[in-house]
>>> print(open('my_file25.cif').read())   # mmCIF, N, CA and C atoms
data_run
#
loop_
_atom_site.label_atom_id
_atom_site.label_comp_id
_atom_site.auth_asym_id
_atom_site.auth_seq_id
_atom_site.Cartn_x
_atom_site.Cartn_y
_atom_site.Cartn_z
N MET A 272 132.38 118.44 108.19
CA MET A 272 132.70 118.38 109.59
C MET A 272 131.48 117.82 110.34
N LYS A 273 131.71 116.79 111.15
CA LYS A 273 130.61 116.20 111.93
C LYS A 273 130.16 117.16 113.01
N SER A 274 128.86 117.22 113.19
CA SER A 274 128.29 118.11 114.19
C SER A 274 127.81 117.28 115.39
N PRO A 275 128.23 117.65 116.60
CA PRO A 275 127.75 116.92 117.78
C PRO A 275 126.24 117.12 118.01
N LEU A 276 125.70 118.16 117.42
CA LEU A 276 124.27 118.45 117.56
C LEU A 276 123.41 117.36 116.93
N TYR A 277 123.95 116.67 115.94
CA TYR A 277 123.21 115.63 115.21
C TYR A 277 122.60 114.60 116.16
N ASP A 278 123.37 114.14 117.12
CA ASP A 278 122.90 113.11 118.06
C ASP A 278 122.07 113.68 119.22
N ARG A 279 122.25 114.94 119.53
CA ARG A 279 121.56 115.54 120.67
C ARG A 279 120.21 116.14 120.33
N ASP A 280 120.12 116.79 119.16
CA ASP A 280 118.89 117.51 118.80
C ASP A 280 118.78 117.55 117.28
N PHE A 281 118.16 116.52 116.73
CA PHE A 281 118.10 116.37 115.28
C PHE A 281 117.42 117.57 114.62
N PHE A 282 116.34 118.06 115.21
CA PHE A 282 115.63 119.18 114.62
C PHE A 282 116.53 120.41 114.52
N ALA A 283 117.21 120.72 115.61
CA ALA A 283 118.13 121.87 115.61
C ALA A 283 119.25 121.63 114.59
N TRP A 284 119.78 120.42 114.55
CA TRP A 284 120.83 120.08 113.59
C TRP A 284 120.34 120.32 112.16
N SER A 285 119.13 119.86 111.84
CA SER A 285 118.64 119.98 110.47
C SER A 285 118.46 121.45 110.08
N ARG A 286 117.99 122.26 110.99
CA ARG A 286 117.84 123.69 110.70
C ARG A 286 119.20 124.35 110.50
N GLN A 287 120.15 123.97 111.36
CA GLN A 287 121.50 124.52 111.26
C GLN A 287 122.13 124.14 109.91
N GLN A 288 121.98 122.89 109.53
CA GLN A 288 122.58 122.44 108.27
C GLN A 288 121.93 123.11 107.07
N ALA A 289 120.62 123.30 107.12
CA ALA A 289 119.93 123.99 106.02
C ALA A 289 120.46 125.42 105.89
N GLU A 290 120.66 126.09 107.01
CA GLU A 290 121.20 127.46 106.98
C GLU A 290 122.60 127.48 106.38
N LEU A 291 123.44 126.53 106.79
CA LEU A 291 124.80 126.46 106.26
C LEU A 291 124.79 126.23 104.75
N LEU A 292 123.93 125.32 104.30
CA LEU A 292 123.86 125.04 102.87
C LEU A 292 123.35 126.25 102.10
N ARG A 293 122.33 126.89 102.61
CA ARG A 293 121.79 128.08 101.92
C ARG A 293 122.83 129.20 101.84
N ALA A 294 123.67 129.28 102.84
CA ALA A 294 124.70 130.32 102.88
C ALA A 294 125.94 129.91 102.07
N GLY A 295 125.93 128.70 101.52
CA GLY A 295 127.08 128.24 100.74
C GLY A 295 128.28 127.86 101.58
N LYS A 296 128.06 127.60 102.86
CA LYS A 296 129.16 127.26 103.78
C LYS A 296 129.32 125.74 103.86
N LEU A 297 129.68 125.16 102.73
CA LEU A 297 129.79 123.70 102.65
C LEU A 297 130.88 123.13 103.55
N ALA A 298 131.96 123.87 103.73
CA ALA A 298 133.06 123.38 104.56
C ALA A 298 132.63 123.23 106.02
N GLN A 299 131.63 123.99 106.44
CA GLN A 299 131.16 123.91 107.83
C GLN A 299 130.00 122.92 107.99
N ALA A 300 129.44 122.47 106.87
CA ALA A 300 128.28 121.57 106.92
C ALA A 300 128.71 120.16 107.29
N ASP A 301 127.80 119.45 107.90
CA ASP A 301 127.99 118.05 108.32
C ASP A 301 127.63 117.15 107.13
N ILE A 302 128.49 117.14 106.13
CA ILE A 302 128.21 116.47 104.85
C ILE A 302 127.91 114.99 105.04
N GLU A 303 128.66 114.32 105.88
CA GLU A 303 128.45 112.87 106.09
C GLU A 303 127.03 112.58 106.56
N HIS A 304 126.57 113.31 107.57
CA HIS A 304 125.21 113.08 108.08
C HIS A 304 124.15 113.58 107.10
N ILE A 305 124.43 114.67 106.41
CA ILE A 305 123.48 115.16 105.41
C ILE A 305 123.26 114.08 104.34
N ALA A 306 124.35 113.47 103.88
CA ALA A 306 124.24 112.40 102.89
C ALA A 306 123.44 111.22 103.43
N GLU A 307 123.68 110.84 104.68
CA GLU A 307 122.92 109.75 105.31
C GLU A 307 121.43 110.07 105.34
N GLU A 308 121.11 111.30 105.69
CA GLU A 308 119.71 111.69 105.79
C GLU A 308 119.03 111.72 104.42
N ILE A 309 119.74 112.14 103.41
CA ILE A 309 119.18 112.14 102.06
C ILE A 309 118.93 110.70 101.60
N ASP A 310 119.89 109.81 101.85
CA ASP A 310 119.67 108.39 101.53
C ASP A 310 118.45 107.84 102.26
N SER A 311 118.33 108.20 103.53
CA SER A 311 117.21 107.74 104.35
C SER A 311 115.88 108.24 103.79
N MET A 312 115.87 109.47 103.31
CA MET A 312 114.64 110.02 102.74
C MET A 312 114.23 109.21 101.51
N GLY A 313 115.20 108.81 100.70
CA GLY A 313 114.89 108.00 99.53
C GLY A 313 114.30 106.65 99.91
N ARG A 314 114.87 106.03 100.93
CA ARG A 314 114.33 104.74 101.40
C ARG A 314 112.92 104.91 101.95
N THR A 315 112.67 106.04 102.61
CA THR A 315 111.34 106.32 103.15
C THR A 315 110.32 106.42 102.02
N GLU A 316 110.67 107.07 100.94
CA GLU A 316 109.75 107.19 99.80
C GLU A 316 109.45 105.83 99.20
N LYS A 317 110.44 104.96 99.13
CA LYS A 317 110.22 103.61 98.61
C LYS A 317 109.32 102.81 99.56
N ARG A 318 109.56 102.93 100.86
CA ARG A 318 108.71 102.24 101.84
C ARG A 318 107.27 102.73 101.75
N GLU A 319 107.10 104.03 101.53
CA GLU A 319 105.76 104.61 101.38
C GLU A 319 105.06 103.98 100.18
N LEU A 320 105.77 103.83 99.08
CA LEU A 320 105.22 103.20 97.89
C LEU A 320 104.76 101.77 98.19
N ILE A 321 105.61 100.99 98.82
CA ILE A 321 105.28 99.60 99.13
C ILE A 321 104.12 99.54 100.12
N GLY A 322 104.12 100.42 101.10
CA GLY A 322 103.03 100.43 102.08
C GLY A 322 101.68 100.73 101.45
N ARG A 323 101.65 101.73 100.58
CA ARG A 323 100.39 102.08 99.91
C ARG A 323 99.95 100.97 98.97
N LEU A 324 100.90 100.38 98.25
CA LEU A 324 100.55 99.25 97.38
C LEU A 324 99.99 98.09 98.19
N SER A 325 100.58 97.84 99.35
CA SER A 325 100.12 96.74 100.20
C SER A 325 98.68 96.94 100.64
N VAL A 326 98.34 98.16 101.05
CA VAL A 326 96.97 98.46 101.46
C VAL A 326 96.02 98.29 100.28
N LEU A 327 96.41 98.81 99.13
CA LEU A 327 95.57 98.68 97.95
C LEU A 327 95.37 97.21 97.57
N LEU A 328 96.44 96.45 97.57
CA LEU A 328 96.34 95.03 97.21
C LEU A 328 95.48 94.26 98.20
N LEU A 329 95.60 94.58 99.47
CA LEU A 329 94.75 93.94 100.48
C LEU A 329 93.28 94.17 100.15
N HIS A 330 92.93 95.40 99.84
CA HIS A 330 91.54 95.70 99.52
C HIS A 330 91.10 95.04 98.21
N LEU A 331 92.00 94.98 97.24
CA LEU A 331 91.66 94.29 95.99
C LEU A 331 91.46 92.80 96.21
N LEU A 332 92.27 92.20 97.07
CA LEU A 332 92.10 90.77 97.38
C LEU A 332 90.76 90.54 98.08
N LYS A 333 90.44 91.38 99.03
CA LYS A 333 89.16 91.23 99.72
C LYS A 333 88.00 91.45 98.75
N TRP A 334 88.14 92.42 97.86
CA TRP A 334 87.11 92.70 96.85
C TRP A 334 86.89 91.46 95.99
N ARG A 335 87.98 90.83 95.59
CA ARG A 335 87.89 89.67 94.70
C ARG A 335 87.33 88.44 95.41
N HIS A 336 87.80 88.20 96.63
CA HIS A 336 87.49 86.93 97.30
C HIS A 336 86.31 87.01 98.28
N GLN A 337 85.77 88.18 98.50
CA GLN A 337 84.60 88.31 99.37
C GLN A 337 83.57 89.22 98.71
N PRO A 338 83.05 88.81 97.55
CA PRO A 338 82.12 89.68 96.81
C PRO A 338 80.86 90.03 97.60
N ASP A 339 80.45 89.14 98.50
CA ASP A 339 79.24 89.40 99.29
C ASP A 339 79.45 90.51 100.33
N LYS A 340 80.70 90.88 100.60
CA LYS A 340 80.98 91.92 101.59
C LYS A 340 81.38 93.25 100.96
N ARG A 341 81.33 93.31 99.64
CA ARG A 341 81.69 94.56 98.96
C ARG A 341 80.72 95.66 99.38
N GLY A 342 81.28 96.83 99.53
CA GLY A 342 80.43 97.96 99.89
C GLY A 342 81.11 99.27 99.54
N PRO A 343 80.42 100.35 99.80
CA PRO A 343 80.96 101.67 99.46
C PRO A 343 82.29 101.99 100.17
N SER A 344 82.47 101.51 101.39
CA SER A 344 83.71 101.83 102.11
C SER A 344 84.90 101.11 101.48
N TRP A 345 84.71 99.88 101.04
CA TRP A 345 85.80 99.16 100.35
C TRP A 345 86.13 99.86 99.04
N GLU A 346 85.10 100.23 98.31
CA GLU A 346 85.32 100.92 97.04
C GLU A 346 86.06 102.24 97.28
N ALA A 347 85.65 102.98 98.29
CA ALA A 347 86.31 104.25 98.60
C ALA A 347 87.77 104.02 98.98
N SER A 348 88.03 102.99 99.78
CA SER A 348 89.40 102.69 100.19
C SER A 348 90.29 102.40 98.98
N ILE A 349 89.76 101.64 98.05
CA ILE A 349 90.52 101.31 96.83
C ILE A 349 90.79 102.58 96.03
N ARG A 350 89.75 103.39 95.86
CA ARG A 350 89.92 104.63 95.09
C ARG A 350 90.90 105.59 95.76
N VAL A 351 90.81 105.73 97.07
CA VAL A 351 91.70 106.62 97.81
C VAL A 351 93.15 106.16 97.69
N GLN A 352 93.39 104.86 97.86
CA GLN A 352 94.76 104.35 97.74
C GLN A 352 95.31 104.56 96.33
N ARG A 353 94.48 104.36 95.34
CA ARG A 353 94.93 104.60 93.96
C ARG A 353 95.29 106.08 93.77
N ASN A 354 94.46 106.97 94.31
CA ASN A 354 94.76 108.40 94.21
C ASN A 354 96.07 108.74 94.92
N ARG A 355 96.24 108.20 96.11
CA ARG A 355 97.46 108.50 96.88
C ARG A 355 98.70 107.93 96.20
N LEU A 356 98.56 106.75 95.61
CA LEU A 356 99.69 106.20 94.86
C LEU A 356 100.02 107.06 93.65
N ALA A 357 99.00 107.51 92.94
CA ALA A 357 99.24 108.37 91.78
C ALA A 357 99.95 109.66 92.22
N ASP A 358 99.50 110.25 93.31
CA ASP A 358 100.15 111.47 93.82
C ASP A 358 101.60 111.19 94.22
N HIS A 359 101.81 110.07 94.90
CA HIS A 359 103.16 109.72 95.35
C HIS A 359 104.09 109.52 94.15
N LEU A 360 103.58 108.87 93.12
CA LEU A 360 104.40 108.64 91.93
C LEU A 360 104.61 109.94 91.15
N ASP A 361 103.64 110.83 91.16
CA ASP A 361 103.83 112.15 90.53
C ASP A 361 104.92 112.93 91.26
N ASP A 362 104.93 112.82 92.58
CA ASP A 362 105.94 113.52 93.39
C ASP A 362 107.32 112.87 93.29
N ASN A 363 107.35 111.58 92.97
CA ASN A 363 108.59 110.80 92.95
C ASN A 363 108.64 109.93 91.69
N PRO A 364 108.72 110.53 90.50
CA PRO A 364 108.65 109.74 89.27
C PRO A 364 109.76 108.70 89.12
N SER A 365 110.87 108.88 89.81
CA SER A 365 111.95 107.90 89.70
C SER A 365 111.60 106.59 90.40
N LEU A 366 110.49 106.55 91.14
CA LEU A 366 110.04 105.30 91.75
C LEU A 366 109.34 104.39 90.74
N LYS A 367 108.89 104.93 89.63
CA LYS A 367 108.11 104.15 88.67
C LYS A 367 108.83 102.89 88.18
N PRO A 368 110.14 102.96 87.88
CA PRO A 368 110.81 101.72 87.46
C PRO A 368 110.85 100.65 88.56
N LEU A 369 110.65 101.05 89.80
CA LEU A 369 110.68 100.10 90.92
C LEU A 369 109.33 99.44 91.16
N LEU A 370 108.31 99.85 90.42
CA LEU A 370 106.95 99.35 90.67
C LEU A 370 106.82 97.82 90.60
N PRO A 371 107.38 97.13 89.62
CA PRO A 371 107.22 95.67 89.63
C PRO A 371 107.78 95.00 90.89
N GLN A 372 108.97 95.42 91.30
CA GLN A 372 109.57 94.88 92.52
C GLN A 372 108.75 95.27 93.75
N ALA A 373 108.30 96.52 93.79
CA ALA A 373 107.51 96.99 94.92
C ALA A 373 106.18 96.24 95.00
N LEU A 374 105.57 95.97 93.84
CA LEU A 374 104.30 95.24 93.80
C LEU A 374 104.49 93.83 94.38
N ALA A 375 105.56 93.17 94.00
CA ALA A 375 105.82 91.81 94.51
C ALA A 375 106.01 91.83 96.02
N SER A 376 106.76 92.79 96.50
CA SER A 376 107.00 92.90 97.94
C SER A 376 105.70 93.23 98.68
N ALA A 377 104.95 94.18 98.15
CA ALA A 377 103.69 94.58 98.79
C ALA A 377 102.68 93.44 98.78
N TYR A 378 102.67 92.66 97.73
CA TYR A 378 101.70 91.56 97.63
C TYR A 378 101.94 90.52 98.72
N ARG A 379 103.19 90.22 99.01
CA ARG A 379 103.48 89.24 100.08
C ARG A 379 102.80 89.66 101.38
N ASP A 380 102.95 90.94 101.73
CA ASP A 380 102.33 91.43 102.95
C ASP A 380 100.81 91.44 102.85
N ALA A 381 100.30 91.89 101.70
CA ALA A 381 98.85 91.97 101.51
C ALA A 381 98.20 90.60 101.62
N ALA A 382 98.83 89.57 101.05
CA ALA A 382 98.27 88.22 101.12
C ALA A 382 98.22 87.72 102.56
N LEU A 383 99.27 88.00 103.32
CA LEU A 383 99.27 87.60 104.74
C LEU A 383 98.16 88.31 105.51
N GLU A 384 98.01 89.60 105.26
CA GLU A 384 96.96 90.36 105.94
C GLU A 384 95.58 89.92 105.50
N ALA A 385 95.45 89.54 104.22
CA ALA A 385 94.15 89.09 103.72
C ALA A 385 93.71 87.81 104.45
N VAL A 386 94.64 86.92 104.70
CA VAL A 386 94.32 85.69 105.44
C VAL A 386 93.80 86.07 106.84
N ALA A 387 94.51 86.97 107.49
CA ALA A 387 94.13 87.37 108.85
C ALA A 387 92.79 88.10 108.88
N GLU A 388 92.55 88.98 107.92
CA GLU A 388 91.33 89.78 107.94
C GLU A 388 90.09 89.05 107.43
N THR A 389 90.29 88.12 106.50
CA THR A 389 89.13 87.44 105.91
C THR A 389 88.80 86.13 106.59
N GLY A 390 89.79 85.51 107.22
CA GLY A 390 89.58 84.19 107.78
C GLY A 390 89.63 83.09 106.73
N LEU A 391 89.92 83.45 105.49
CA LEU A 391 90.03 82.46 104.43
C LEU A 391 91.38 81.77 104.51
N ALA A 392 91.47 80.57 103.98
CA ALA A 392 92.72 79.82 103.99
C ALA A 392 93.77 80.51 103.14
N GLY A 393 95.01 80.39 103.53
CA GLY A 393 96.11 80.99 102.78
C GLY A 393 96.14 80.55 101.33
N ALA A 394 95.76 79.31 101.09
CA ALA A 394 95.76 78.77 99.73
C ALA A 394 94.74 79.46 98.83
N THR A 395 93.82 80.20 99.41
CA THR A 395 92.82 80.94 98.64
C THR A 395 93.49 82.00 97.77
N PHE A 396 94.58 82.55 98.27
CA PHE A 396 95.23 83.67 97.61
C PHE A 396 96.44 83.18 96.83
N PRO A 397 96.58 83.61 95.59
CA PRO A 397 97.73 83.18 94.79
C PRO A 397 99.05 83.54 95.46
N ARG A 398 100.08 82.73 95.20
CA ARG A 398 101.40 83.00 95.77
C ARG A 398 101.99 84.30 95.23
N MET A 399 101.76 84.56 93.96
CA MET A 399 102.27 85.76 93.30
C MET A 399 101.09 86.67 93.00
N CYS A 400 101.36 87.95 92.91
CA CYS A 400 100.30 88.91 92.61
C CYS A 400 99.64 88.55 91.27
N PRO A 401 98.34 88.39 91.27
CA PRO A 401 97.65 87.97 90.04
C PRO A 401 97.40 89.12 89.05
N TRP A 402 97.80 90.33 89.43
CA TRP A 402 97.53 91.48 88.58
C TRP A 402 98.81 92.20 88.21
N THR A 403 98.77 92.88 87.10
CA THR A 403 99.90 93.70 86.68
C THR A 403 99.88 95.04 87.42
N VAL A 404 100.99 95.73 87.38
CA VAL A 404 101.06 97.07 87.96
C VAL A 404 99.99 97.95 87.33
N GLU A 405 99.86 97.86 86.01
CA GLU A 405 98.89 98.69 85.30
C GLU A 405 97.47 98.42 85.79
N GLN A 406 97.13 97.16 85.99
CA GLN A 406 95.79 96.84 86.49
C GLN A 406 95.57 97.39 87.89
N VAL A 407 96.53 97.18 88.75
CA VAL A 407 96.41 97.61 90.14
C VAL A 407 96.19 99.11 90.23
N LEU A 408 96.86 99.87 89.39
CA LEU A 408 96.77 101.33 89.45
C LEU A 408 95.61 101.89 88.64
N ASP A 409 95.00 101.06 87.80
CA ASP A 409 93.92 101.51 86.90
C ASP A 409 92.61 101.68 87.66
N GLY A 410 92.09 102.89 87.66
CA GLY A 410 90.85 103.20 88.36
C GLY A 410 89.64 102.48 87.83
N GLU A 411 89.74 101.91 86.66
CA GLU A 411 88.62 101.16 86.06
C GLU A 411 88.72 99.65 86.31
N PHE A 412 89.83 99.21 86.92
CA PHE A 412 90.03 97.78 87.15
C PHE A 412 89.45 97.38 88.51
N TRP A 413 88.54 96.41 88.46
CA TRP A 413 87.93 95.85 89.67
C TRP A 413 87.95 94.33 89.53
N PRO A 414 88.80 93.64 90.28
CA PRO A 414 88.96 92.19 90.10
C PRO A 414 87.71 91.40 90.51
N GLY A 415 87.53 90.30 89.82
CA GLY A 415 86.47 89.37 90.20
C GLY A 415 85.17 89.72 89.56
#
>>> encode(input="my_file25.cif", output="structure tokens")
Amino acid sequence: MKSPLYDRDFFAWSRQQAELLRAGKLAQADIEHIAEEIDSMGRTEKRELIGRLSVLLLHLLKWRHQPDKRGPSWEASIRVQRNRLADHLDDNPSLKPLLPQALASAYRDAALEAVAETGLAGATFPRMCPWTVEQVLDGEFWPG
């Protein structure tokens, strides 16, 4: 049954639906919206994966193409993103098969941002990600 509360007060709706589900009152629950929200949560986790990969790839590109600007903060950023990606994948292991596609998507954004942040020509950066998923996530891999 659709709940009018869904559009008026999402927080109140979510608490109400959780209570209904915990009480086993499925007939009273807003199943259609609950399903939409669960789907949305899955998409959010995938976007989080791509976003973190994009940040990591941006830093790896800068590390590779601007060796004279390497420093502790860049190294820390790379290490932190790798840690956060590992945690995210531990929390969401079903995302692992999506890594190759996510890497390709994230790289497109990272390459665009690398041009903007470094001032280097777009042709400096390969069209496709030059590294494998395993390399990108490997704490011992440092390009260049």
>>> closest_residue(input="my_file25.cif", among="A:Gln352, A:Ser325, A:Ser365, A:Gln288", to="Leu408 in chain A", atoms="only N, CA and C atoms")
A:Gln352
>>> atom_distance(input="my_file25.cif", atom1="CA of Gln299 in chain A", atom2="atom C of Met272 in chain A")
6.6 Å
>>> resolve_selection(input="my_file25.cif", expression="the PyMOL selection byres (((chain A and resi 346-348 and name CA) around 10) and name CA)", output="PDB file with N, CA and C atoms, in the frame of the given file")
ATOM      1  N   VAL A 326      98.340  98.160 101.050  1.00  0.00           N
ATOM      2  CA  VAL A 326      96.970  98.460 101.460  1.00  0.00           C
ATOM      3  C   VAL A 326      96.020  98.290 100.280  1.00  0.00           C
ATOM      4  N   LEU A 327      96.410  98.810  99.130  1.00  0.00           N
ATOM      5  CA  LEU A 327      95.570  98.680  97.950  1.00  0.00           C
ATOM      6  C   LEU A 327      95.370  97.210  97.570  1.00  0.00           C
ATOM      7  N   HIS A 330      92.930  95.400  99.840  1.00  0.00           N
ATOM      8  CA  HIS A 330      91.540  95.700  99.520  1.00  0.00           C
ATOM      9  C   HIS A 330      91.100  95.040  98.210  1.00  0.00           C
ATOM     10  N   LEU A 331      92.000  94.980  97.240  1.00  0.00           N
ATOM     11  CA  LEU A 331      91.660  94.290  95.990  1.00  0.00           C
ATOM     12  C   LEU A 331      91.460  92.800  96.210  1.00  0.00           C
ATOM     13  N   TRP A 334      88.140  92.420  97.860  1.00  0.00           N
ATOM     14  CA  TRP A 334      87.110  92.700  96.850  1.00  0.00           C
ATOM     15  C   TRP A 334      86.890  91.460  95.990  1.00  0.00           C
ATOM     16  N   ARG A 341      81.330  93.310  99.640  1.00  0.00           N
ATOM     17  CA  ARG A 341      81.690  94.560  98.960  1.00  0.00           C
ATOM     18  C   ARG A 341      80.720  95.660  99.380  1.00  0.00           C
ATOM     19  N   GLY A 342      81.280  96.830  99.530  1.00  0.00           N
ATOM     20  CA  GLY A 342      80.430  97.960  99.890  1.00  0.00           C
ATOM     21  C   GLY A 342      81.110  99.270  99.540  1.00  0.00           C
ATOM     22  N   PRO A 343      80.420 100.350  99.800  1.00  0.00           N
ATOM     23  CA  PRO A 343      80.960 101.670  99.460  1.00  0.00           C
ATOM     24  C   PRO A 343      82.290 101.990 100.170  1.00  0.00           C
ATOM     25  N   SER A 344      82.470 101.510 101.390  1.00  0.00           N
ATOM     26  CA  SER A 344      83.710 101.830 102.110  1.00  0.00           C
ATOM     27  C   SER A 344      84.900 101.110 101.480  1.00  0.00           C
ATOM     28  N   TRP A 345      84.710  99.880 101.040  1.00  0.00           N
ATOM     29  CA  TRP A 345      85.800  99.160 100.350  1.00  0.00           C
ATOM     30  C   TRP A 345      86.130  99.860  99.040  1.00  0.00           C
ATOM     31  N   ILE A 349      89.760 101.640  98.050  1.00  0.00           N
ATOM     32  CA  ILE A 349      90.520 101.310  96.830  1.00  0.00           C
ATOM     33  C   ILE A 349      90.790 102.580  96.030  1.00  0.00           C
ATOM     34  N   ARG A 350      89.750 103.390  95.860  1.00  0.00           N
ATOM     35  CA  ARG A 350      89.920 104.630  95.090  1.00  0.00           C
ATOM     36  C   ARG A 350      90.900 105.590  95.760  1.00  0.00           C
ATOM     37  N   VAL A 351      90.810 105.730  97.070  1.00  0.00           N
ATOM     38  CA  VAL A 351      91.700 106.620  97.810  1.00  0.00           C
ATOM     39  C   VAL A 351      93.150 106.160  97.690  1.00  0.00           C
ATOM     40  N   GLN A 352      93.390 104.860  97.860  1.00  0.00           N
ATOM     41  CA  GLN A 352      94.760 104.350  97.740  1.00  0.00           C
ATOM     42  C   GLN A 352      95.310 104.560  96.330  1.00  0.00           C
ATOM     43  N   ARG A 353      94.480 104.360  95.340  1.00  0.00           N
ATOM     44  CA  ARG A 353      94.930 104.600  93.960  1.00  0.00           C
ATOM     45  C   ARG A 353      95.290 106.080  93.770  1.00  0.00           C
ATOM     46  N   ASN A 354      94.460 106.970  94.310  1.00  0.00           N
ATOM     47  CA  ASN A 354      94.760 108.400  94.210  1.00  0.00           C
ATOM     48  C   ASN A 354      96.070 108.740  94.920  1.00  0.00           C
ATOM     49  N   TRP A 413      88.540  96.410  88.460  1.00  0.00           N
ATOM     50  CA  TRP A 413      87.930  95.850  89.670  1.00  0.00           C
ATOM     51  C   TRP A 413      87.950  94.330  89.530  1.00  0.00           C
TER      52      TRP A 413
END
>>> axis_aligned_box(input="my_file25.cif", around="range 402-411 of chain A", padding_each_side="5 Å", output="AutoDock Vina command-line options")
--center_x 94.8 --center_y 96.8 --center_z 87.8 --size_x 22.4 --size_y 22.9 --size_z 14.9
>>> residues_around(input="my_file25.cif", residues="Glu384 in chain A", least_positions_apart="4", cutoff="8 Å", atoms="only C-alpha atoms", output="ChimeraX atom specification")
/A:329,380,388
>>> closest_residue(input="my_file25.cif", among="A:Glu411, A:Leu320, A:Pro364, A:Lys273", to="Ala298 in chain A", atoms="only C-alpha atoms")
A:Lys273
>>> atom_distance(input="my_file25.cif", atom1="atom C of Ser376 in chain A", atom2="atom C of Pro401 in chain A")
13.4 Å
>>> atom_distance(input="my_file25.cif", atom1="CA of Glu303 in chain A", atom2="atom N of His359 in chain A")
29.0 Å
>>> resolve_selection(input="my_file25.cif", expression="the PyMOL selection byres ((chain A and resi 377) around 7)", output="PDB file with N, CA and C atoms, keeping the file's coordinate frame")
ATOM      1  N   ILE A 321     105.610 100.990  98.820  1.00  0.00           N
ATOM      2  CA  ILE A 321     105.280  99.600  99.130  1.00  0.00           C
ATOM      3  C   ILE A 321     104.120  99.540 100.120  1.00  0.00           C
ATOM      4  N   GLY A 322     104.120 100.420 101.100  1.00  0.00           N
ATOM      5  CA  GLY A 322     103.030 100.430 102.080  1.00  0.00           C
ATOM      6  C   GLY A 322     101.680 100.730 101.450  1.00  0.00           C
ATOM      7  N   LEU A 324     100.900 100.380  98.250  1.00  0.00           N
ATOM      8  CA  LEU A 324     100.550  99.250  97.380  1.00  0.00           C
ATOM      9  C   LEU A 324      99.990  98.090  98.190  1.00  0.00           C
ATOM     10  N   SER A 325     100.580  97.840  99.350  1.00  0.00           N
ATOM     11  CA  SER A 325     100.120  96.740 100.200  1.00  0.00           C
ATOM     12  C   SER A 325      98.680  96.940 100.640  1.00  0.00           C
ATOM     13  N   VAL A 326      98.340  98.160 101.050  1.00  0.00           N
ATOM     14  CA  VAL A 326      96.970  98.460 101.460  1.00  0.00           C
ATOM     15  C   VAL A 326      96.020  98.290 100.280  1.00  0.00           C
ATOM     16  N   LEU A 328      96.440  96.450  97.570  1.00  0.00           N
ATOM     17  CA  LEU A 328      96.340  95.030  97.210  1.00  0.00           C
ATOM     18  C   LEU A 328      95.480  94.260  98.200  1.00  0.00           C
ATOM     19  N   GLN A 372     108.970  95.420  91.300  1.00  0.00           N
ATOM     20  CA  GLN A 372     109.570  94.880  92.520  1.00  0.00           C
ATOM     21  C   GLN A 372     108.750  95.270  93.750  1.00  0.00           C
ATOM     22  N   ALA A 373     108.300  96.520  93.790  1.00  0.00           N
ATOM     23  CA  ALA A 373     107.510  96.990  94.920  1.00  0.00           C
ATOM     24  C   ALA A 373     106.180  96.240  95.000  1.00  0.00           C
ATOM     25  N   LEU A 374     105.570  95.970  93.840  1.00  0.00           N
ATOM     26  CA  LEU A 374     104.300  95.240  93.800  1.00  0.00           C
ATOM     27  C   LEU A 374     104.490  93.830  94.380  1.00  0.00           C
ATOM     28  N   ALA A 375     105.560  93.170  94.000  1.00  0.00           N
ATOM     29  CA  ALA A 375     105.820  91.810  94.510  1.00  0.00           C
ATOM     30  C   ALA A 375     106.010  91.830  96.020  1.00  0.00           C
ATOM     31  N   SER A 376     106.760  92.790  96.500  1.00  0.00           N
ATOM     32  CA  SER A 376     107.000  92.900  97.940  1.00  0.00           C
ATOM     33  C   SER A 376     105.700  93.230  98.680  1.00  0.00           C
ATOM     34  N   TYR A 378     102.670  92.660  97.730  1.00  0.00           N
ATOM     35  CA  TYR A 378     101.700  91.560  97.630  1.00  0.00           C
ATOM     36  C   TYR A 378     101.940  90.520  98.720  1.00  0.00           C
ATOM     37  N   ARG A 379     103.190  90.220  99.010  1.00  0.00           N
ATOM     38  CA  ARG A 379     103.480  89.240 100.080  1.00  0.00           C
ATOM     39  C   ARG A 379     102.800  89.660 101.380  1.00  0.00           C
ATOM     40  N   ASP A 380     102.950  90.940 101.730  1.00  0.00           N
ATOM     41  CA  ASP A 380     102.330  91.430 102.950  1.00  0.00           C
ATOM     42  C   ASP A 380     100.810  91.440 102.850  1.00  0.00           C
ATOM     43  N   ALA A 381     100.300  91.890 101.700  1.00  0.00           N
ATOM     44  CA  ALA A 381      98.850  91.970 101.510  1.00  0.00           C
ATOM     45  C   ALA A 381      98.200  90.600 101.620  1.00  0.00           C
ATOM     46  N   ALA A 382      98.830  89.570 101.050  1.00  0.00           N
ATOM     47  CA  ALA A 382      98.270  88.220 101.120  1.00  0.00           C
ATOM     48  C   ALA A 382      98.220  87.720 102.560  1.00  0.00           C
TER      49      ALA A 382
END
